file final_14.pdb (PDB, C-alpha atoms and all ligand atoms)
ATOM      1  CA  MET A1217     -13.761 -12.073  19.035
ATOM      2  CA  SER A1218     -10.542 -12.797  20.932
ATOM      3  CA  LYS A1219      -7.211 -11.543  19.629
ATOM      4  CA  LYS A1220      -6.172 -15.134  18.988
ATOM      5  CA  SER A1221      -9.176 -16.049  16.879
ATOM      6  CA  LYS A1222      -8.914 -12.758  15.000
ATOM      7  CA  GLN A1223      -5.325 -13.638  14.167
ATOM      8  CA  GLN A1224      -6.408 -17.127  13.105
ATOM      9  CA  LEU A1225      -8.992 -15.614  10.793
ATOM     10  CA  GLU A1226      -6.373 -13.339   9.227
ATOM     11  CA  ASN A1227      -4.032 -16.285   8.737
ATOM     12  CA  ASN A1228      -6.751 -18.315   7.048
ATOM     13  CA  LYS A1229      -7.555 -15.400   4.769
ATOM     14  CA  LEU A1230      -3.893 -15.055   3.811
ATOM     15  CA  ASN A1231      -3.622 -18.757   3.056
ATOM     16  CA  LYS A1232      -6.768 -18.649   0.957
ATOM     17  CA  ARG A1233      -5.560 -15.575  -0.918
ATOM     18  CA  LEU A1234      -2.266 -17.274  -1.743
ATOM     19  CA  ARG A1235      -3.952 -20.488  -2.875
ATOM     20  CA  HIS A1236      -6.267 -18.543  -5.125
ATOM     21  CA  ALA A1237      -3.533 -16.355  -6.592
ATOM     22  CA  VAL A1238      -1.398 -19.421  -7.343
ATOM     23  CA  GLY A1239      -4.371 -21.421  -8.621
ATOM     24  CA  ASP A1240      -5.433 -18.571 -10.910
ATOM     25  CA  ALA A1241      -1.936 -18.212 -12.371
ATOM     26  CA  ILE A1242      -1.731 -21.971 -12.924
ATOM     27  CA  ASN A1243      -5.106 -21.965 -14.674
ATOM     28  CA  ASP A1244      -4.538 -18.813 -16.724
ATOM     29  CA  PHE A1245      -1.248 -20.048 -18.146
ATOM     30  CA  ASN A1246      -2.006 -23.774 -18.117
ATOM     31  CA  MET A1247       1.086 -24.277 -15.982
ATOM     32  CA  ILE A1248       0.298 -27.727 -14.619
ATOM     33  CA  GLU A1249      -1.238 -30.651 -16.466
ATOM     34  CA  ASN A1250      -2.282 -34.101 -15.449
ATOM     35  CA  GLY A1251       0.753 -36.368 -15.002
ATOM     36  CA  ASP A1252       3.302 -33.556 -14.686
ATOM     37  CA  LYS A1253       6.371 -34.075 -12.561
ATOM     38  CA  ILE A1254       7.363 -30.676 -11.267
ATOM     39  CA  MET A1255      10.781 -29.802 -10.014
ATOM     40  CA  VAL A1256      10.368 -27.070  -7.408
ATOM     41  CA  CYS A1257      13.570 -25.074  -7.059
ATOM     42  CA  LEU A1258      14.141 -24.416  -3.401
ATOM     43  CA  SER A1259      16.751 -21.853  -2.426
ATOM     44  CA  GLY A1260      15.923 -21.601   1.260
ATOM     45  CA  GLY A1261      14.385 -18.139   0.817
ATOM     46  CA  LYS A1262      10.801 -17.229   1.762
ATOM     47  CA  ASP A1263       9.508 -17.296  -1.813
ATOM     48  CA  SER A1264      10.529 -20.827  -2.701
ATOM     49  CA  TYR A1265       9.357 -22.201   0.661
ATOM     50  CA  ALA A1266       5.950 -20.621   0.081
ATOM     51  CA  LEU A1267       5.858 -21.929  -3.486
ATOM     52  CA  LEU A1268       6.445 -25.497  -2.359
ATOM     53  CA  ASP A1269       3.962 -25.168   0.485
ATOM     54  CA  ILE A1270       1.131 -23.835  -1.692
ATOM     55  CA  LEU A1271       1.800 -26.332  -4.485
ATOM     56  CA  ARG A1272       1.541 -29.145  -1.930
ATOM     57  CA  GLN A1273      -1.804 -27.803  -0.761
ATOM     58  CA  LEU A1274      -3.085 -27.665  -4.339
ATOM     59  CA  GLN A1275      -1.674 -31.112  -5.061
ATOM     60  CA  ALA A1276      -3.734 -32.519  -2.189
ATOM     61  CA  SER A1277      -6.996 -31.035  -3.437
ATOM     62  CA  ALA A1278      -6.709 -30.608  -7.223
ATOM     63  CA  PRO A1279      -8.736 -32.766  -9.605
ATOM     64  CA  ILE A1280      -5.541 -33.643 -11.493
ATOM     65  CA  ASP A1281      -2.531 -35.690 -10.435
ATOM     66  CA  PHE A1282       0.945 -34.296 -10.486
ATOM     67  CA  GLU A1283       4.196 -35.019  -8.663
ATOM     68  CA  LEU A1284       6.440 -32.575  -6.839
ATOM     69  CA  VAL A1285      10.136 -32.951  -6.223
ATOM     70  CA  ALA A1286      12.075 -30.259  -4.381
ATOM     71  CA  VAL A1287      15.579 -29.534  -5.579
ATOM     72  CA  ASN A1288      18.163 -27.413  -3.853
ATOM     73  CA  LEU A1289      21.472 -26.514  -5.369
ATOM     74  CA  ASP A1290      24.170 -26.306  -2.715
ATOM     75  CA  GLN A1291      26.578 -23.902  -4.406
ATOM     76  CA  LYS A1292      29.198 -24.391  -1.695
ATOM     77  CA  GLN A1293      29.024 -20.887  -0.374
ATOM     78  CA  PRO A1294      30.957 -20.556   2.861
ATOM     79  CA  GLY A1295      28.720 -21.063   5.859
ATOM     80  CA  PHE A1296      25.816 -22.639   3.913
ATOM     81  CA  PRO A1297      23.831 -24.538   6.568
ATOM     82  CA  GLU A1298      23.587 -27.882   4.740
ATOM     83  CA  HIS A1299      21.315 -29.556   7.257
ATOM     84  CA  ILE A1300      18.406 -27.087   7.149
ATOM     85  CA  LEU A1301      16.715 -28.028   3.889
ATOM     86  CA  PRO A1302      17.020 -31.834   4.208
ATOM     87  CA  GLU A1303      15.619 -31.638   7.740
ATOM     88  CA  TYR A1304      12.732 -29.453   6.646
ATOM     89  CA  LEU A1305      11.902 -31.548   3.580
ATOM     90  CA  GLU A1306      11.993 -34.774   5.549
ATOM     91  CA  SER A1307       9.749 -33.283   8.213
ATOM     92  CA  ILE A1308       7.085 -32.491   5.599
ATOM     93  CA  GLY A1309       7.637 -35.683   3.602
ATOM     94  CA  VAL A1310       8.433 -34.211   0.202
ATOM     95  CA  PRO A1311      10.735 -36.110  -2.179
ATOM     96  CA  TYR A1312      13.843 -34.051  -2.730
ATOM     97  CA  ARG A1313      17.320 -33.913  -4.156
ATOM     98  CA  ILE A1314      20.192 -31.769  -2.889
ATOM     99  CA  VAL A1315      22.668 -31.132  -5.677
ATOM    100  CA  GLU A1316      26.196 -30.175  -4.688
ATOM    101  CA  GLU A1317      28.067 -28.111  -7.266
ATOM    102  CA  ASP A1318      30.790 -25.706  -6.323
ATOM    103  CA  THR A1319      29.716 -22.852  -8.568
ATOM    104  CA  TYR A1320      30.864 -20.463  -5.824
ATOM    105  CA  SER A1321      34.557 -21.176  -6.543
ATOM    106  CA  ILE A1322      34.040 -20.783 -10.292
ATOM    107  CA  VAL A1323      32.371 -17.413  -9.809
ATOM    108  CA  LYS A1324      35.091 -16.237  -7.420
ATOM    109  CA  ARG A1325      37.795 -17.357  -9.824
ATOM    110  CA  VAL A1326      36.291 -15.822 -12.944
ATOM    111  CA  ILE A1327      34.827 -12.535 -11.702
ATOM    112  CA  GLU A1328      37.092  -9.735 -10.531
ATOM    113  CA  GLU A1329      36.838  -8.747  -6.868
ATOM    114  CA  GLY A1330      34.175  -6.077  -6.316
ATOM    115  CA  LYS A1331      32.275  -6.818  -9.566
ATOM    116  CA  THR A1332      28.725  -8.196  -9.532
ATOM    117  CA  THR A1333      28.794 -11.964  -9.556
ATOM    118  CA  CYS A1334      25.085 -12.664  -9.866
ATOM    119  CA  SER A1335      24.749 -12.997 -13.602
ATOM    120  CA  LEU A1336      27.444 -15.689 -13.972
ATOM    121  CA  CYS A1337      26.245 -17.371 -10.781
ATOM    122  CA  SER A1338      22.665 -17.593 -12.020
ATOM    123  CA  ARG A1339      23.745 -18.803 -15.450
ATOM    124  CA  LEU A1340      25.735 -21.618 -13.847
ATOM    125  CA  ARG A1341      22.855 -22.423 -11.514
ATOM    126  CA  ARG A1342      20.418 -22.532 -14.405
ATOM    127  CA  GLY A1343      22.614 -24.979 -16.312
ATOM    128  CA  VAL A1344      22.817 -27.322 -13.324
ATOM    129  CA  LEU A1345      19.090 -27.131 -12.651
ATOM    130  CA  TYR A1346      18.213 -27.954 -16.265
ATOM    131  CA  ARG A1347      20.534 -30.954 -16.123
ATOM    132  CA  VAL A1348      18.966 -32.167 -12.883
ATOM    133  CA  ALA A1349      15.429 -31.691 -14.234
ATOM    134  CA  LYS A1350      16.359 -33.979 -17.096
ATOM    135  CA  GLU A1351      17.935 -36.564 -14.795
ATOM    136  CA  LEU A1352      14.816 -36.583 -12.615
ATOM    137  CA  GLY A1353      12.488 -36.831 -15.623
ATOM    138  CA  CYS A1354      10.689 -33.612 -14.661
ATOM    139  CA  THR A1355       8.270 -32.109 -17.142
ATOM    140  CA  LYS A1356       8.197 -28.651 -15.540
ATOM    141  CA  ILE A1357      10.544 -26.505 -13.472
ATOM    142  CA  ALA A1358       8.846 -24.213 -10.950
ATOM    143  CA  LEU A1359      10.561 -21.023  -9.793
ATOM    144  CA  GLY A1360       9.561 -18.769  -6.903
ATOM    145  CA  HIS A1361       9.491 -15.369  -8.611
ATOM    146  CA  HIS A1362       6.497 -13.279  -7.594
ATOM    147  CA  ARG A1363       4.518 -10.321  -8.921
ATOM    148  CA  ASP A1364       6.948  -7.726  -7.542
ATOM    149  CA  ASP A1365       9.949  -9.493  -9.112
ATOM    150  CA  ILE A1366       8.128  -9.389 -12.430
ATOM    151  CA  LEU A1367       7.453  -5.659 -12.202
ATOM    152  CA  GLN A1368      10.980  -4.881 -11.023
ATOM    153  CA  THR A1369      12.336  -6.772 -14.022
ATOM    154  CA  MET A1370      10.100  -4.794 -16.333
ATOM    155  CA  PHE A1371      11.506  -1.500 -15.009
ATOM    156  CA  LEU A1372      15.079  -2.793 -15.091
ATOM    157  CA  ASN A1373      14.635  -3.721 -18.737
ATOM    158  CA  MET A1374      13.060  -0.366 -19.557
ATOM    159  CA  PHE A1375      15.560   1.757 -17.638
ATOM    160  CA  TYR A1376      18.755  -0.073 -18.494
ATOM    161  CA  GLY A1377      17.988  -2.413 -21.384
ATOM    162  CA  GLY A1378      15.767  -0.305 -23.633
ATOM    163  CA  LYS A1379      13.196  -3.084 -23.806
ATOM    164  CA  LEU A1380       9.573  -3.401 -22.834
ATOM    165  CA  LYS A1381      10.009  -6.825 -21.312
ATOM    166  CA  ALA A1382       9.186  -8.333 -17.940
ATOM    167  CA  MET A1383       9.525 -11.904 -16.670
ATOM    168  CA  PRO A1384       7.151 -14.459 -18.185
ATOM    169  CA  PRO A1385       4.942 -16.616 -15.946
ATOM    170  CA  LYS A1386       5.661 -19.533 -18.284
ATOM    171  CA  LEU A1387       8.401 -20.065 -20.833
ATOM    172  CA  VAL A1388      10.435 -22.617 -22.697
ATOM    173  CA  SER A1389      13.962 -22.851 -21.275
ATOM    174  CA  ASP A1390      16.813 -21.425 -23.350
ATOM    175  CA  ASN A1391      17.978 -24.920 -24.325
ATOM    176  CA  GLY A1392      14.436 -25.661 -25.502
ATOM    177  CA  GLU A1393      14.091 -28.770 -23.347
ATOM    178  CA  HIS A1394      12.026 -27.610 -20.390
ATOM    179  CA  ILE A1395       8.929 -25.648 -19.519
ATOM    180  CA  VAL A1396       9.664 -23.205 -16.726
ATOM    181  CA  ILE A1397       6.721 -21.947 -14.669
ATOM    182  CA  ARG A1398       6.316 -19.168 -12.104
ATOM    183  CA  PRO A1399       3.178 -20.041 -10.155
ATOM    184  CA  LEU A1400       3.667 -17.054  -7.797
ATOM    185  CA  ALA A1401       3.306 -14.616 -10.702
ATOM    186  CA  TYR A1402       0.131 -13.100  -9.174
ATOM    187  CA  VAL A1403       1.375 -13.112  -5.570
ATOM    188  CA  LYS A1404       2.446  -9.961  -3.726
ATOM    189  CA  GLU A1405       5.794 -10.068  -1.988
ATOM    190  CA  LYS A1406       4.206  -8.611   1.163
ATOM    191  CA  ASP A1407       1.937 -11.667   1.399
ATOM    192  CA  LEU A1408       4.923 -13.979   1.060
ATOM    193  CA  GLU A1409       6.727 -12.175   3.874
ATOM    194  CA  ARG A1410       3.731 -12.592   6.154
ATOM    195  CA  TYR A1411       3.256 -16.200   5.134
ATOM    196  CA  ALA A1412       6.905 -17.038   5.867
ATOM    197  CA  GLU A1413       6.520 -15.586   9.355
ATOM    198  CA  LEU A1414       3.291 -17.414   9.903
ATOM    199  CA  LYS A1415       4.704 -20.769   8.797
ATOM    200  CA  GLN A1416       8.057 -20.199  10.480
ATOM    201  CA  PHE A1417       9.990 -21.410   7.432
ATOM    202  CA  PRO A1418      13.653 -22.035   8.322
ATOM    203  CA  ILE A1419      15.006 -19.262   6.082
ATOM    204  CA  ILE A1420      18.568 -19.455   4.848
ATOM    205  CA  PRO A1421      20.051 -15.969   4.346
ATOM    206  CA  CYS A1422      20.777 -15.139   0.719
ATOM    207  CA  ASN A1423      23.944 -13.122   1.243
ATOM    208  CA  LEU A1424      26.264 -15.997   2.095
ATOM    209  CA  CYS A1425      28.148 -15.565  -1.165
ATOM    210  CA  GLY A1426      29.246 -12.099  -0.006
ATOM    211  CA  SER A1427      28.096 -10.589  -3.305
ATOM    212  CA  GLN A1428      26.960  -6.989  -3.427
ATOM    213  CA  PRO A1429      23.202  -6.886  -3.852
ATOM    214  CA  ASN A1430      22.058  -5.800  -7.296
ATOM    215  CA  LEU A1431      21.852  -2.101  -6.550
ATOM    216  CA  GLN A1432      19.779  -1.202  -9.588
ATOM    217  CA  ARG A1433      17.151  -3.776  -8.669
ATOM    218  CA  GLN A1434      17.192  -2.508  -5.094
ATOM    219  CA  VAL A1435      16.584   1.078  -6.235
ATOM    220  CA  ILE A1436      13.659  -0.032  -8.381
ATOM    221  CA  LYS A1437      12.252  -2.094  -5.544
ATOM    222  CA  GLU A1438      12.316   0.963  -3.290
ATOM    223  CA  MET A1439      10.721   3.106  -6.004
ATOM    224  CA  LEU A1440       7.855   0.614  -6.335
ATOM    225  CA  GLN A1441       7.433   0.353  -2.563
ATOM    226  CA  ASP A1442       7.268   4.119  -2.352
ATOM    227  CA  TRP A1443       4.620   4.254  -5.099
ATOM    228  CA  ASP A1444       2.667   1.545  -3.371
ATOM    229  CA  LYS A1445       2.495   3.668  -0.211
ATOM    230  CA  ARG A1446       1.725   6.941  -1.953
ATOM    231  CA  PHE A1447      -0.542   5.725  -4.747
ATOM    232  CA  PRO A1448      -2.481   2.658  -3.609
ATOM    233  CA  GLY A1449      -3.546   0.531  -6.563
ATOM    234  CA  ARG A1450      -0.711   1.612  -8.837
ATOM    235  CA  ILE A1451       1.171  -1.683  -8.571
ATOM    236  CA  GLU A1452      -2.002  -3.653  -9.335
ATOM    237  CA  SER A1453      -2.701  -1.392 -12.289
ATOM    238  CA  MET A1454       0.805  -1.841 -13.647
ATOM    239  CA  PHE A1455       0.541  -5.596 -13.388
ATOM    240  CA  SER A1456      -2.821  -5.465 -15.178
ATOM    241  CA  ALA A1457      -1.058  -3.496 -17.913
ATOM    242  CA  LEU A1458       1.180  -6.499 -18.542
ATOM    243  CA  GLN A1459      -1.945  -8.460 -19.334
ATOM    244  CA  ASN A1460      -3.510  -5.764 -21.499
ATOM    245  CA  VAL A1461      -0.944  -4.999 -24.153
ATOM    246  CA  VAL A1462      -2.065  -2.877 -27.094
ATOM    247  CA  PRO A1463       0.539  -3.388 -29.846
ATOM    248  CA  SER A1464      -0.991  -0.745 -32.110
ATOM    249  CA  HIS A1465      -0.307   1.860 -29.417
ATOM    250  CA  LEU A1466       3.341   1.041 -29.008
ATOM    251  CA  ALA A1467       5.991   1.656 -31.637
ATOM    252  CA  ASP A1468       7.401  -1.775 -32.416
ATOM    253  CA  THR A1469       7.183  -2.300 -36.144
ATOM    254  CA  GLU A1470       7.740  -6.029 -35.714
ATOM    255  CA  LEU A1471       4.792  -6.349 -33.378
ATOM    256  CA  PHE A1472       2.384  -4.279 -35.391
ATOM    257  CA  ASP A1473       2.189  -3.653 -39.122
ATOM    258  CA  PHE A1474       2.182   0.144 -39.122
ATOM    259  CA  THR A1475       3.434   0.305 -42.704
ATOM    260  CA  GLY A1476       0.548  -1.821 -43.913
ATOM    261  CA  LEU A1477      -2.176   0.296 -42.294
ATOM    262  CA  VAL A1478      -4.831   1.284 -44.789
ATOM    263  CA  ARG A1479      -7.979   3.305 -44.514
ATOM    264  CA  GLY A1480     -11.179   1.449 -43.903
ATOM    265  CA  GLN A1481      -9.701  -1.509 -42.011
ATOM    266  CA  THR A1482     -12.018  -3.008 -39.474
ATOM    267  CA  LEU A1483     -10.465  -2.174 -36.160
ATOM    268  CA  LYS A1484     -11.108  -3.630 -32.761
ATOM    269  CA  HIS A1485     -10.882  -2.128 -29.275
ATOM    270  CA  GLY A1486      -7.839  -0.145 -28.238
ATOM    271  CA  GLY A1487      -6.815   1.628 -31.419
ATOM    272  CA  ASP A1488      -6.009   5.266 -31.844
ATOM    273  CA  THR A1489      -8.565   7.986 -32.068
ATOM    274  CA  ALA A1490      -5.702  10.265 -33.140
ATOM    275  CA  PHE A1491      -6.252  12.431 -30.080
ATOM    276  CA  ASP A1492      -6.080  10.225 -27.023
ATOM    277  CA  SER A1493      -7.890  11.289 -23.909
ATOM    278  CA  GLU A1494      -5.615  12.479 -21.115
ATOM    279  CA  THR A1495      -7.195  10.436 -18.401
ATOM    280  CA  VAL A1496      -5.860   6.935 -18.054
ATOM    281  CA  PRO A1497      -8.341   4.539 -16.530
ATOM    282  CA  ALA A1498      -7.162   2.343 -13.681
ATOM    283  CA  ARG A1499      -8.336  -0.760 -15.525
ATOM    284  CA  PHE A1500      -8.034  -0.775 -19.291
ATOM    285  CA  SER A1501     -11.049  -2.930 -19.675
ATOM    286  CA  ASP A1502     -13.265  -0.339 -18.006
ATOM    287  CA  GLY A1503     -11.842   2.648 -19.727
ATOM    288  CA  LEU A1504     -12.070   2.019 -23.471
ATOM    289  CA  SER A1505     -14.472   4.146 -25.381
ATOM    290  CA  GLU A1506     -16.591   2.523 -28.044
ATOM    291  CA  ASN A1507     -14.741   3.984 -30.972
ATOM    292  CA  ASP A1508     -11.337   3.042 -29.611
ATOM    293  CA  SER A1509      -9.852   0.513 -31.909
ATOM    294  CA  GLU A1510      -7.002  -1.899 -32.209
ATOM    295  CA  ILE A1511      -5.777  -4.490 -34.622
ATOM    296  CA  THR A1512      -4.957  -7.447 -32.443
ATOM    297  CA  LEU A1513      -2.463 -10.188 -33.026
ATOM    298  CA  SER A1514      -4.101 -13.555 -33.509
ATOM    299  CA  PRO A1515      -5.109 -14.828 -30.097
ATOM    300  CA  PRO A1516      -3.767 -18.219 -29.083
ATOM    301  CA  THR A1517      -6.097 -21.152 -29.645
ATOM    302  CA  PRO A1518      -7.899 -21.703 -26.343
ATOM    303  CA  LYS A1519      -6.954 -24.952 -24.685
ATOM    304  CA  LYS A1520      -9.164 -26.818 -22.297
ATOM    305  CA  VAL A1521      -7.670 -26.213 -18.873
ATOM    306  CA  ILE A1522      -8.724 -28.109 -15.777
ATOM    307  CA  ASN A1523      -9.348 -25.750 -12.864
ATOM    308  CA  ILE A1524      -6.708 -26.592 -10.294
ATOM    309  CA  LEU A1525      -8.726 -24.882  -7.574
ATOM    310  CA  ALA A1526     -11.590 -27.342  -8.033
ATOM    311  CA  SER A1527     -11.792 -30.329  -5.728
ATOM    312  CA  LYS A1528     -10.704 -33.870  -6.452
ATOM    313  CA  PRO A1529     -13.529 -36.040  -7.776
ATOM    314  CA  LYS A1530     -15.072 -38.191  -5.041
ATOM    315  CA  THR A1531     -14.209 -41.865  -5.294
ATOM    316  CA  ALA A1532     -17.074 -44.308  -4.822
TER     317      ALA A1532
HETATM  318  S1  LIG B   1      23.521 -13.196  -4.543
HETATM  319 FE1  LIG B   1      25.245 -14.629  -4.563
HETATM  320  S2  LIG B   1      24.265 -16.657  -4.683
HETATM  321 FE2  LIG B   1      22.730 -15.151  -5.261
HETATM  322  S3  LIG B   1      22.877 -15.026  -7.491
HETATM  323 FE3  LIG B   1      24.195 -13.418  -6.668
HETATM  324  S4  LIG B   1      26.207 -14.348  -6.575
HETATM  325 FE4  LIG B   1      24.732 -16.014  -6.754
END
call {"tool": "encode", "arguments": {"input": "final_14.pdb", "output": "structure tokens", "more": "lines below"}}
Ligand code: SF4
result
Amino acid sequence: MSKKSKQQLENNKLNKRLRHAVGDAINDFNMIENGDKIMVCLSGGKDSYALLDILRQLQASAPIDFELVAVNLDQKQPGFPEHILPEYLESIGVPYRIVEEDTYSIVKRVIEEGKTTCSLCSRLRRGVLYRVAKELGCTKIALGHHRDDILQTMFLNMFYGGKLKAMPPKLVSDNGEHIVIRPLAYVKEKDLERYAELKQFPIIPCNLCGSQPNLQRQVIKEMLQDWDKRFPGRIESMFSALQNVVPSHLADTELFDFTGLVRGQTLKHGGDTAFDSETVPARFSDGLSENDSEITLSPPTPKKVINILASKPKTA
């Protein structure tokens, strides 16, 4: 096989992997429903370009109908190349709105020189995006956070916030009016980097505001990258852990009724055998012994979800 066709094969595999990862996340969390109008937040970074691109592919083939509208918030950072996103969006034919709000000046005015500006900046951005979603009549807001962002957030919260908390793939916005979705929740950042190169997205650098990068997040990112090199599979295992939570083996009295434990309760998988085995299986589901037990929280009522990876029904 020639080098060119080998490369083509790799590219196709990458595209397929991304479509499947996004489709699986959408299905698992029922992120998109028939008739949804989804506002895709586009920053000009690799993640949001890939998000829009993959959602468009799924939109073309899915057995449900949904609309996409790309929204970029021009925060008036010095040197922001205003023409790039409109040109790109017109070239691919996606409806879009560019919102101009000078949050940059507000942040500069309010935050002392040298202090991290990101938290105020993102709060302001969030407020504007919620307002725009309402104006556009969008039912969902899609953000481009990926699997590695989710894990980094989990470690940030553990190390600095004293909380076992990551970043949810789907949530209700803080004002209660919108459903926010993260369809890239299962996607590796490395795949997004490769995809951005492959598709030649016109990336807008994210340091135009002149803010210091969030150093704590950077340190955690490097820690995870180092683990990924030295212990292959660890990142995947940690992400699986987010989907296999055993409340009776944590210590949150609000999540599990430790005080109400009585002898003779019927317990389900995952509970304590008093003397846990030292070996931790890579996948929880494979590693539980028969007498492991857990009292689970009530599972959510299953909802019928249409598989977004299925094909559109043929019209006669
Ligand atoms: S890096 Fe700059 S633009 Fe991005 S959130 Fe921080 S302050 Fe805002």
call {"tool": "closest_atom_pairs", "arguments": {"input": "final_14.pdb", "of": "chain A", "to": "ligand LIG 1 (chain B)", "cutoff": "8 Å", "atoms": "all atoms listed in the file", "output": "JSON lines"}}
result
{"residue": "A:Gln1291", "atom": "CA", "partner": "B:LIG1", "partner_atom": "S2", "distance": 7.6}
{"residue": "A:Gln1293", "atom": "CA", "partner": "B:LIG1", "partner_atom": "S2", "distance": 7.7}
{"residue": "A:Tyr1320", "atom": "CA", "partner": "B:LIG1", "partner_atom": "FE4", "distance": 7.6}
{"residue": "A:Val1323", "atom": "CA", "partner": "B:LIG1", "partner_atom": "S4", "distance": 7.6}
{"residue": "A:Thr1332", "atom": "CA", "partner": "B:LIG1", "partner_atom": "S4", "distance": 7.3}
{"residue": "A:Thr1333", "atom": "CA", "partner": "B:LIG1", "partner_atom": "S4", "distance": 4.6}
{"residue": "A:Cys1334", "atom": "CA", "partner": "B:LIG1", "partner_atom": "FE3", "distance": 3.4}
{"residue": "A:Ser1335", "atom": "CA", "partner": "B:LIG1", "partner_atom": "S3", "distance": 6.7}
{"residue": "A:Leu1336", "atom": "CA", "partner": "B:LIG1", "partner_atom": "S4", "distance": 7.6}
{"residue": "A:Cys1337", "atom": "CA", "partner": "B:LIG1", "partner_atom": "FE4", "distance": 4.5}
{"residue": "A:Ser1338", "atom": "CA", "partner": "B:LIG1", "partner_atom": "S3", "distance": 5.2}
{"residue": "A:Cys1422", "atom": "CA", "partner": "B:LIG1", "partner_atom": "S1", "distance": 6.2}
{"residue": "A:Asn1423", "atom": "CA", "partner": "B:LIG1", "partner_atom": "S1", "distance": 5.8}
{"residue": "A:Leu1424", "atom": "CA", "partner": "B:LIG1", "partner_atom": "FE1", "distance": 6.9}
{"residue": "A:Cys1425", "atom": "CA", "partner": "B:LIG1", "partner_atom": "FE1", "distance": 4.6}
{"residue": "A:Gly1426", "atom": "CA", "partner": "B:LIG1", "partner_atom": "FE1", "distance": 6.6}
{"residue": "A:Ser1427", "atom": "CA", "partner": "B:LIG1", "partner_atom": "FE1", "distance": 5.1}
{"residue": "A:Gln1428", "atom": "CA", "partner": "B:LIG1", "partner_atom": "S1", "distance": 7.2}
{"residue": "A:Pro1429", "atom": "CA", "partner": "B:LIG1", "partner_atom": "S1", "distance": 6.4}
{"residue": "A:Asn1430", "atom": "CA", "partner": "B:LIG1", "partner_atom": "FE3", "distance": 7.9}
call {"tool": "atom_distance", "arguments": {"input": "final_14.pdb", "atom1": "atom CA of A:His1362", "atom2": "atom CA of A:Ser1464"}}
result
28.5 Å
call {"tool": "atom_distance", "arguments": {"input": "final_14.pdb", "atom1": "atom CA of A:Gln1368", "atom2": "atom CA of A:Lys1415"}}
result
26.2 Å
call {"tool": "resolve_selection", "arguments": {"input": "final_14.pdb", "expression": "the PyMOL selection byres (((chain A and resi 1359) around 12) and not hetatm)", "output": "number ranges by chain"}}
result
A: 1247, 1254-1259, 1261, 1263-1268, 1271, 1286-1288, 1342, 1345, 1356-1358, 1360-1362, 1365, 1383-1387, 1395-1401
call {"tool": "closest_residue", "arguments": {"input": "final_14.pdb", "among": "A:Asp1473, A:Glu1226, A:Glu1405, A:Glu1283", "to": "A:Asn1250", "atoms": "all atoms listed in the file"}}
result
A:Glu1283
call {"tool": "resolve_selection", "arguments": {"input": "final_14.pdb", "expression": "the PyMOL selection byres (((chain A and resi 1448-1455) around 12) and not hetatm)", "output": "ChimeraX atom specification"}}
result
/A:1362-1371,1382-1383,1401-1405,1437,1439-1447,1456-1461,1496-1501
call {"tool": "closest_residue", "arguments": {"input": "final_14.pdb", "among": "A:Leu1414, A:Arg1341, A:Cys1354, A:Leu1301", "to": "A:Ile1248", "atoms": "only C-alpha atoms"}}
result
A:Cys1354
call {"tool": "atom_distance", "arguments": {"input": "final_14.pdb", "atom1": "atom CA of A:Gln1224", "atom2": "atom CA of A:Gln1416"}}
result
15.0 Å
call {"tool": "residues_near_point", "arguments": {"input": "final_14.pdb", "point": "(6.9, -29.9, 5.1)", "cutoff": "10 Å", "atoms": "only C-alpha atoms", "output": "VMD selection string"}}
result
chain A and resid 1265 1268 to 1269 1272 1303 to 1310 1417
call {"tool": "closest_residue", "arguments": {"input": "final_14.pdb", "among": "A:Lys1220, A:Val1478, A:Leu1284, A:Gly1295", "to": "A:Pro1311", "atoms": "all atoms listed in the file"}}
result
A:Leu1284
call {"tool": "closest_residue", "arguments": {"input": "final_14.pdb", "among": "A:Arg1410, A:Ser1218, A:Asn1231, A:Ala1241", "to": "A:Val1521", "atoms": "only C-alpha atoms"}}
result
A:Ala1241
call {"tool": "resolve_selection", "arguments": {"input": "final_14.pdb", "expression": "the PyMOL selection byres (((chain A and resi 1236) around 10) and not hetatm)", "output": "JSON, numbers by chain"}}
result
{"A": [1230, 1231, 1232, 1233, 1234, 1235, 1237, 1238, 1239, 1240, 1241, 1242, 1270, 1274, 1402, 1403, 1524, 1525]}
call {"tool": "residues_around", "arguments": {"input": "final_14.pdb", "residues": "A:Lys1292", "least_positions_apart": "4", "cutoff": "8 Å", "atoms": "only C-alpha atoms", "output": "list of chain:residue names"}}
result
A:Phe1296, A:Glu1316, A:Glu1317, A:Asp1318, A:Thr1319, A:Tyr1320, A:Ser1321
